[in-house]
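Visitor: File name query-v1.cif; file contents mmCIF, C-alpha atoms; full text below.
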```cif
data_structure
#
loop_
_atom_site.label_atom_id
_atom_site.label_comp_id
_atom_site.auth_asym_id
_atom_site.auth_seq_id
_atom_site.Cartn_x
_atom_site.Cartn_y
_atom_site.Cartn_z
CA MET J 1 46.20 -30.13 -37.75
CA GLN J 2 43.67 -31.20 -35.12
CA TYR J 3 45.38 -32.24 -31.90
CA ARG J 4 42.36 -33.34 -29.83
CA LYS J 5 40.49 -36.45 -30.96
CA GLU J 6 37.62 -38.45 -29.56
CA LYS J 7 36.82 -42.11 -30.06
CA LEU J 8 33.66 -43.85 -28.84
CA VAL J 9 34.38 -46.96 -26.76
CA CYS J 10 32.38 -49.47 -24.72
CA ASN J 11 29.50 -49.66 -27.19
CA GLY J 12 29.38 -45.87 -27.56
CA ASN J 13 28.86 -45.18 -23.85
CA PHE J 14 32.22 -43.47 -23.30
CA LYS J 15 34.66 -41.27 -25.20
CA LEU J 16 38.38 -41.90 -25.19
CA ILE J 17 39.79 -38.41 -25.59
CA THR J 18 43.34 -38.00 -26.83
CA ASP J 19 45.19 -34.72 -26.94
CA LEU J 20 48.47 -34.50 -28.83
CA ASN J 21 50.87 -32.03 -27.22
CA GLU J 22 54.44 -31.07 -27.99
CA PHE J 23 56.37 -31.88 -24.82
CA LYS J 24 59.84 -30.95 -26.01
CA MET J 25 61.04 -29.96 -29.40
CA ALA J 26 59.85 -32.74 -31.74
CA LEU J 27 58.63 -34.96 -28.85
CA TRP J 28 54.87 -35.35 -29.07
CA ILE J 29 52.86 -36.78 -26.18
CA ASN J 30 49.41 -38.30 -26.81
CA GLY J 31 47.63 -37.47 -23.52
CA PHE J 32 44.37 -39.25 -22.79
CA GLY J 33 41.22 -39.28 -20.67
CA LEU J 34 37.74 -40.82 -20.53
CA GLU J 35 34.32 -39.20 -20.46
CA ASN J 36 30.76 -40.54 -20.09
CA VAL J 37 28.93 -39.74 -23.34
CA LEU J 38 25.44 -39.50 -21.80
CA THR J 39 26.26 -37.41 -18.72
CA GLY J 40 29.45 -35.64 -19.78
CA GLU J 41 31.04 -36.84 -16.53
CA GLU J 42 34.81 -36.99 -16.58
CA ILE J 43 35.85 -40.55 -15.67
CA ILE J 44 39.58 -39.85 -16.08
CA PRO J 45 40.72 -36.29 -16.85
CA VAL J 46 42.86 -35.73 -19.92
CA ILE J 47 46.38 -36.02 -18.54
CA THR J 48 48.86 -34.52 -20.96
CA ILE J 49 52.02 -36.00 -19.40
CA PHE J 50 50.66 -39.54 -19.84
CA ASN J 51 51.40 -40.86 -23.33
CA LEU J 52 48.86 -43.37 -24.65
CA ASP J 53 50.78 -46.16 -26.34
CA ASN J 54 48.00 -48.70 -26.79
CA MET J 55 44.34 -49.19 -25.91
CA GLU J 56 42.40 -52.41 -26.34
CA GLU J 57 38.70 -52.84 -25.62
CA VAL J 58 37.64 -56.13 -23.98
CA ASP J 59 34.03 -57.35 -24.17
CA GLY J 60 32.70 -53.79 -24.51
CA GLU J 61 33.27 -53.15 -20.79
CA VAL J 62 36.98 -52.93 -20.01
CA LEU J 63 39.76 -50.91 -21.58
CA LYS J 64 43.29 -52.26 -21.37
CA ILE J 65 45.53 -49.20 -21.54
CA LYS J 66 49.30 -49.10 -21.90
CA PHE J 67 51.02 -45.76 -21.42
CA ARG J 68 54.18 -43.96 -20.33
CA ILE J 69 54.71 -40.87 -18.19
CA TYR J 70 56.93 -38.02 -19.29
CA PRO J 71 59.49 -36.51 -18.85
CA ASP J 72 61.06 -39.94 -18.18
CA GLY J 73 59.03 -42.02 -20.61
CA SER J 74 61.12 -45.18 -20.23
CA LYS J 75 58.72 -47.10 -17.96
CA TYR J 76 55.48 -48.58 -19.27
CA TYR J 77 52.31 -48.67 -17.17
CA GLU J 78 49.39 -50.98 -17.80
CA VAL J 79 45.90 -50.59 -16.35
CA GLU J 80 42.50 -52.13 -16.95
CA VAL J 81 39.76 -49.52 -16.70
CA ASN J 82 36.09 -50.33 -16.23
CA PRO J 83 34.42 -46.97 -16.94
CA PHE J 84 30.97 -48.34 -16.03
CA LEU J 85 32.16 -49.00 -12.47
CA LYS J 86 34.53 -45.99 -12.50
CA SER J 87 37.34 -48.28 -11.40
CA PHE J 88 40.68 -49.51 -12.65
CA VAL J 89 43.09 -52.33 -11.86
CA TYR J 90 46.76 -51.46 -11.44
CA VAL J 91 49.37 -53.96 -10.22
CA GLY J 92 46.64 -56.38 -9.13
CA GLU J 93 44.73 -53.86 -6.98
CA THR J 94 41.41 -52.18 -7.81
CA TYR J 95 41.04 -48.40 -7.36
CA SER J 96 38.48 -45.70 -8.10
CA THR J 97 39.15 -43.64 -11.21
CA ASP J 98 38.90 -40.60 -8.89
CA VAL J 99 42.44 -41.43 -7.74
CA PHE J 100 43.86 -42.48 -11.12
CA PHE J 101 46.60 -39.86 -11.31
CA LYS J 102 47.59 -40.15 -7.63
CA THR J 103 47.68 -43.95 -7.71
CA ILE J 104 50.00 -44.02 -10.70
CA THR J 105 52.27 -41.07 -9.81
CA GLY J 106 51.92 -40.76 -6.03
CA GLU J 107 51.10 -37.07 -6.51
CA GLU J 108 47.84 -35.06 -6.45
CA TRP J 109 46.23 -34.04 -9.75
CA GLU J 110 46.28 -30.29 -10.27
#
```
Do you think you could lay out the structure here as structure tokens?

Guide:
Amino acid sequence: MQYRKEKLVCNGNFKLITDLNEFKMALWINGFGLENVLTGEEIIPVITIFNLDNMEEVDGEVLKIKFRIYPDGSKYYEVEVNPFLKSFVYVGETYSTDVFFKTITGEEWE
């Protein structure tokens, strides 16, 4: 079984990378990240405690992403990511994707 998958998004300019990991016995988390196809630059690192629930592409430029964070997993988070601008909108505010993890969790990415 292959756990890591890649899907081209935004007219083939970026890869949505998902990585299925067993979090607890029989609880599988579908971690995700984004990468620039041409440069290999990591736009959002693959974060294995974030579970991708849904991703919708809008006009080939924006990705609407709905996810949960484990171990809690009861709260849903929704962001709109523009990988071309390396930015995302969360709760009405725009941030750089460099601070994606910290903005959502309040903690530094390790």

Visitor: Kindly give the distance, in Å, that separates CA of Glu6 in chain J and CA of Tyr95 in chain J, rounded to a single decimal.

Guide: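 Distance reported for this atom pair: 24.6 Å.
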
Visitor: Please determine an axis-aligned box that encloses all atoms of range 90-104 of chain J listed in the file, with 8 Å added on each side, and express its centre and edge lengths in Å to one decimal as JSON.

Guide:
```
{"center_x": 44.2, "center_y": -48.1, "center_z": -9.2, "size_x": 27.5, "size_y": 32.5, "size_z": 20.5}
```

Visitor: Using all atoms listed in the file, find all polymer residues with an atom at most 9 Å away from the point (42.1, -42.6, -12.7); report them as a PyMOL selection string.

Guide: chain J and resi 33+43-45+81+86-88+95-104

Visitor: Evaluate the PyMOL selection byres ((chain J and resi 25-31) around 9) against this structure - the residues, as a list of chain:residue names, please.

Guide: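 In the shown coordinates, the PyMOL selection byres ((chain J and resi 25-31) around 9) covers J:Tyr3, J:Ile17, J:Thr18, J:Asp19, J:Leu20, J:Asn21, J:Glu22, J:Phe23, J:Lys24, J:Phe32, J:Gly33, J:Val46, J:Ile47, J:Thr48, J:Ile49, J:Phe50, J:Asn51, J:Leu52, J:Asp53, J:Tyr70.
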
Visitor: Could you please determine the separation between CA of Leu38 in chain J and CA of Met55 in chain J in Å, to one decimal place?

Guide: 21.6 Å

Visitor: I'd like the contact shell of Lys15 in chain J - 9 Å cut-off, only C-alpha atoms, skipping same-chain residues fewer than 5 positions apart - returned as a PDB file with C-alpha atoms, keeping the file's coordinate frame.

Guide:
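Okay, selection20.pdb is ready:
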```pdb
ATOM      1  CA  GLU J   6      37.620 -38.450 -29.560  1.00  0.00           C
ATOM      2  CA  LYS J   7      36.820 -42.110 -30.060  1.00  0.00           C
ATOM      3  CA  LEU J   8      33.660 -43.850 -28.840  1.00  0.00           C
ATOM      4  CA  VAL J   9      34.380 -46.960 -26.760  1.00  0.00           C
ATOM      5  CA  CYS J  10      32.380 -49.470 -24.720  1.00  0.00           C
ATOM      6  CA  GLY J  33      41.220 -39.280 -20.670  1.00  0.00           C
ATOM      7  CA  LEU J  34      37.740 -40.820 -20.530  1.00  0.00           C
ATOM      8  CA  GLU J  35      34.320 -39.200 -20.460  1.00  0.00           C
ATOM      9  CA  ASN J  36      30.760 -40.540 -20.090  1.00  0.00           C
ATOM     10  CA  VAL J  37      28.930 -39.740 -23.340  1.00  0.00           C
TER      11      VAL J  37
END
```

Visitor: Complete the atom set of range 27-60 of chain J to N, CA and C atoms and return it as a PDB file, keeping the file's coordinate frame.

Guide:
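Done, and the output landed in out-v6.pdb:
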```
ATOM      1  N   LEU J  27      59.132 -33.843 -29.637  1.00  0.00           N
ATOM      2  CA  LEU J  27      58.630 -34.960 -28.850  1.00  0.00           C
ATOM      3  C   LEU J  27      57.158 -34.705 -28.572  1.00  0.00           C
ATOM      4  N   TRP J  28      56.311 -35.520 -29.191  1.00  0.00           N
ATOM      5  CA  TRP J  28      54.870 -35.350 -29.070  1.00  0.00           C
ATOM      6  C   TRP J  28      54.297 -36.389 -28.122  1.00  0.00           C
ATOM      7  N   ILE J  29      53.483 -35.937 -27.182  1.00  0.00           N
ATOM      8  CA  ILE J  29      52.860 -36.780 -26.180  1.00  0.00           C
ATOM      9  C   ILE J  29      51.358 -36.863 -26.485  1.00  0.00           C
ATOM     10  N   ASN J  30      50.827 -38.080 -26.513  1.00  0.00           N
ATOM     11  CA  ASN J  30      49.410 -38.300 -26.810  1.00  0.00           C
ATOM     12  C   ASN J  30      48.666 -38.511 -25.486  1.00  0.00           C
ATOM     13  N   GLY J  31      48.357 -37.408 -24.786  1.00  0.00           N
ATOM     14  CA  GLY J  31      47.630 -37.470 -23.520  1.00  0.00           C
ATOM     15  C   GLY J  31      46.259 -38.068 -23.723  1.00  0.00           C
ATOM     16  N   PHE J  32      45.674 -38.603 -22.639  1.00  0.00           N
ATOM     17  CA  PHE J  32      44.370 -39.250 -22.790  1.00  0.00           C
ATOM     18  C   PHE J  32      43.503 -39.088 -21.547  1.00  0.00           C
ATOM     19  N   GLY J  33      42.205 -39.298 -21.746  1.00  0.00           N
ATOM     20  CA  GLY J  33      41.220 -39.280 -20.670  1.00  0.00           C
ATOM     21  C   GLY J  33      39.959 -39.975 -21.143  1.00  0.00           C
ATOM     22  N   LEU J  34      39.008 -40.158 -20.214  1.00  0.00           N
ATOM     23  CA  LEU J  34      37.740 -40.820 -20.530  1.00  0.00           C
ATOM     24  C   LEU J  34      36.575 -39.982 -20.036  1.00  0.00           C
ATOM     25  N   GLU J  35      35.499 -39.964 -20.819  1.00  0.00           N
ATOM     26  CA  GLU J  35      34.320 -39.200 -20.460  1.00  0.00           C
ATOM     27  C   GLU J  35      33.057 -40.019 -20.756  1.00  0.00           C
ATOM     28  N   ASN J  36      32.058 -39.906 -19.889  1.00  0.00           N
ATOM     29  CA  ASN J  36      30.760 -40.540 -20.090  1.00  0.00           C
ATOM     30  C   ASN J  36      30.017 -39.746 -21.166  1.00  0.00           C
ATOM     31  N   VAL J  37      29.594 -40.414 -22.224  1.00  0.00           N
ATOM     32  CA  VAL J  37      28.930 -39.740 -23.340  1.00  0.00           C
ATOM     33  C   VAL J  37      27.569 -39.176 -22.928  1.00  0.00           C
ATOM     34  N   LEU J  38      26.800 -39.926 -22.154  1.00  0.00           N
ATOM     35  CA  LEU J  38      25.440 -39.500 -21.800  1.00  0.00           C
ATOM     36  C   LEU J  38      25.424 -38.353 -20.803  1.00  0.00           C
ATOM     37  N   THR J  39      26.296 -38.412 -19.797  1.00  0.00           N
ATOM     38  CA  THR J  39      26.260 -37.410 -18.720  1.00  0.00           C
ATOM     39  C   THR J  39      27.320 -36.327 -18.866  1.00  0.00           C
ATOM     40  N   GLY J  40      28.342 -36.586 -19.673  1.00  0.00           N
ATOM     41  CA  GLY J  40      29.450 -35.640 -19.780  1.00  0.00           C
ATOM     42  C   GLY J  40      30.416 -35.731 -18.616  1.00  0.00           C
ATOM     43  N   GLU J  41      30.182 -36.674 -17.698  1.00  0.00           N
ATOM     44  CA  GLU J  41      31.040 -36.840 -16.530  1.00  0.00           C
ATOM     45  C   GLU J  41      32.444 -37.289 -16.931  1.00  0.00           C
ATOM     46  N   GLU J  42      33.412 -36.650 -16.338  1.00  0.00           N
ATOM     47  CA  GLU J  42      34.810 -36.990 -16.580  1.00  0.00           C
ATOM     48  C   GLU J  42      35.151 -38.212 -15.728  1.00  0.00           C
ATOM     49  N   ILE J  43      35.478 -39.321 -16.374  1.00  0.00           N
ATOM     50  CA  ILE J  43      35.850 -40.550 -15.670  1.00  0.00           C
ATOM     51  C   ILE J  43      37.333 -40.488 -15.311  1.00  0.00           C
ATOM     52  N   ILE J  44      38.149 -40.123 -16.278  1.00  0.00           N
ATOM     53  CA  ILE J  44      39.580 -39.850 -16.080  1.00  0.00           C
ATOM     54  C   ILE J  44      39.859 -38.543 -16.819  1.00  0.00           C
ATOM     55  N   PRO J  45      40.431 -37.548 -16.144  1.00  0.00           N
ATOM     56  CA  PRO J  45      40.720 -36.290 -16.850  1.00  0.00           C
ATOM     57  C   PRO J  45      41.792 -36.511 -17.913  1.00  0.00           C
ATOM     58  N   VAL J  46      41.806 -35.651 -18.909  1.00  0.00           N
ATOM     59  CA  VAL J  46      42.860 -35.730 -19.920  1.00  0.00           C
ATOM     60  C   VAL J  46      44.161 -35.306 -19.257  1.00  0.00           C
ATOM     61  N   ILE J  47      45.091 -36.245 -19.197  1.00  0.00           N
ATOM     62  CA  ILE J  47      46.380 -36.020 -18.540  1.00  0.00           C
ATOM     63  C   ILE J  47      47.435 -35.936 -19.625  1.00  0.00           C
ATOM     64  N   THR J  48      47.975 -34.763 -19.807  1.00  0.00           N
ATOM     65  CA  THR J  48      48.860 -34.520 -20.960  1.00  0.00           C
ATOM     66  C   THR J  48      50.280 -35.027 -20.775  1.00  0.00           C
ATOM     67  N   ILE J  49      50.675 -35.423 -19.562  1.00  0.00           N
ATOM     68  CA  ILE J  49      52.020 -36.000 -19.400  1.00  0.00           C
ATOM     69  C   ILE J  49      51.999 -37.521 -19.523  1.00  0.00           C
ATOM     70  N   PHE J  50      50.792 -38.104 -19.598  1.00  0.00           N
ATOM     71  CA  PHE J  50      50.660 -39.540 -19.840  1.00  0.00           C
ATOM     72  C   PHE J  50      50.555 -39.738 -21.343  1.00  0.00           C
ATOM     73  N   ASN J  51      51.392 -40.601 -21.894  1.00  0.00           N
ATOM     74  CA  ASN J  51      51.400 -40.860 -23.330  1.00  0.00           C
ATOM     75  C   ASN J  51      50.724 -42.196 -23.618  1.00  0.00           C
ATOM     76  N   LEU J  52      49.585 -42.152 -24.292  1.00  0.00           N
ATOM     77  CA  LEU J  52      48.860 -43.370 -24.650  1.00  0.00           C
ATOM     78  C   LEU J  52      49.625 -44.119 -25.720  1.00  0.00           C
ATOM     79  N   ASP J  53      50.067 -45.325 -25.377  1.00  0.00           N
ATOM     80  CA  ASP J  53      50.780 -46.160 -26.340  1.00  0.00           C
ATOM     81  C   ASP J  53      49.840 -47.149 -27.021  1.00  0.00           C
ATOM     82  N   ASN J  54      48.908 -47.708 -26.232  1.00  0.00           N
ATOM     83  CA  ASN J  54      48.000 -48.700 -26.790  1.00  0.00           C
ATOM     84  C   ASN J  54      46.737 -48.781 -25.945  1.00  0.00           C
ATOM     85  N   MET J  55      45.607 -49.002 -26.604  1.00  0.00           N
ATOM     86  CA  MET J  55      44.340 -49.190 -25.910  1.00  0.00           C
ATOM     87  C   MET J  55      43.597 -50.319 -26.611  1.00  0.00           C
ATOM     88  N   GLU J  56      43.148 -51.280 -25.802  1.00  0.00           N
ATOM     89  CA  GLU J  56      42.400 -52.410 -26.340  1.00  0.00           C
ATOM     90  C   GLU J  56      41.097 -52.534 -25.548  1.00  0.00           C
ATOM     91  N   GLU J  57      40.002 -52.689 -26.258  1.00  0.00           N
ATOM     92  CA  GLU J  57      38.700 -52.840 -25.620  1.00  0.00           C
ATOM     93  C   GLU J  57      38.390 -54.330 -25.467  1.00  0.00           C
ATOM     94  N   VAL J  58      37.937 -54.728 -24.260  1.00  0.00           N
ATOM     95  CA  VAL J  58      37.640 -56.130 -23.980  1.00  0.00           C
ATOM     96  C   VAL J  58      36.169 -56.277 -23.623  1.00  0.00           C
ATOM     97  N   ASP J  59      35.446 -57.045 -24.413  1.00  0.00           N
ATOM     98  CA  ASP J  59      34.030 -57.350 -24.170  1.00  0.00           C
ATOM     99  C   ASP J  59      33.147 -56.124 -24.014  1.00  0.00           C
ATOM    100  N   GLY J  60      33.513 -54.995 -24.565  1.00  0.00           N
ATOM    101  CA  GLY J  60      32.700 -53.790 -24.510  1.00  0.00           C
ATOM    102  C   GLY J  60      32.568 -53.177 -23.130  1.00  0.00           C
TER     103      GLY J  60
END
```
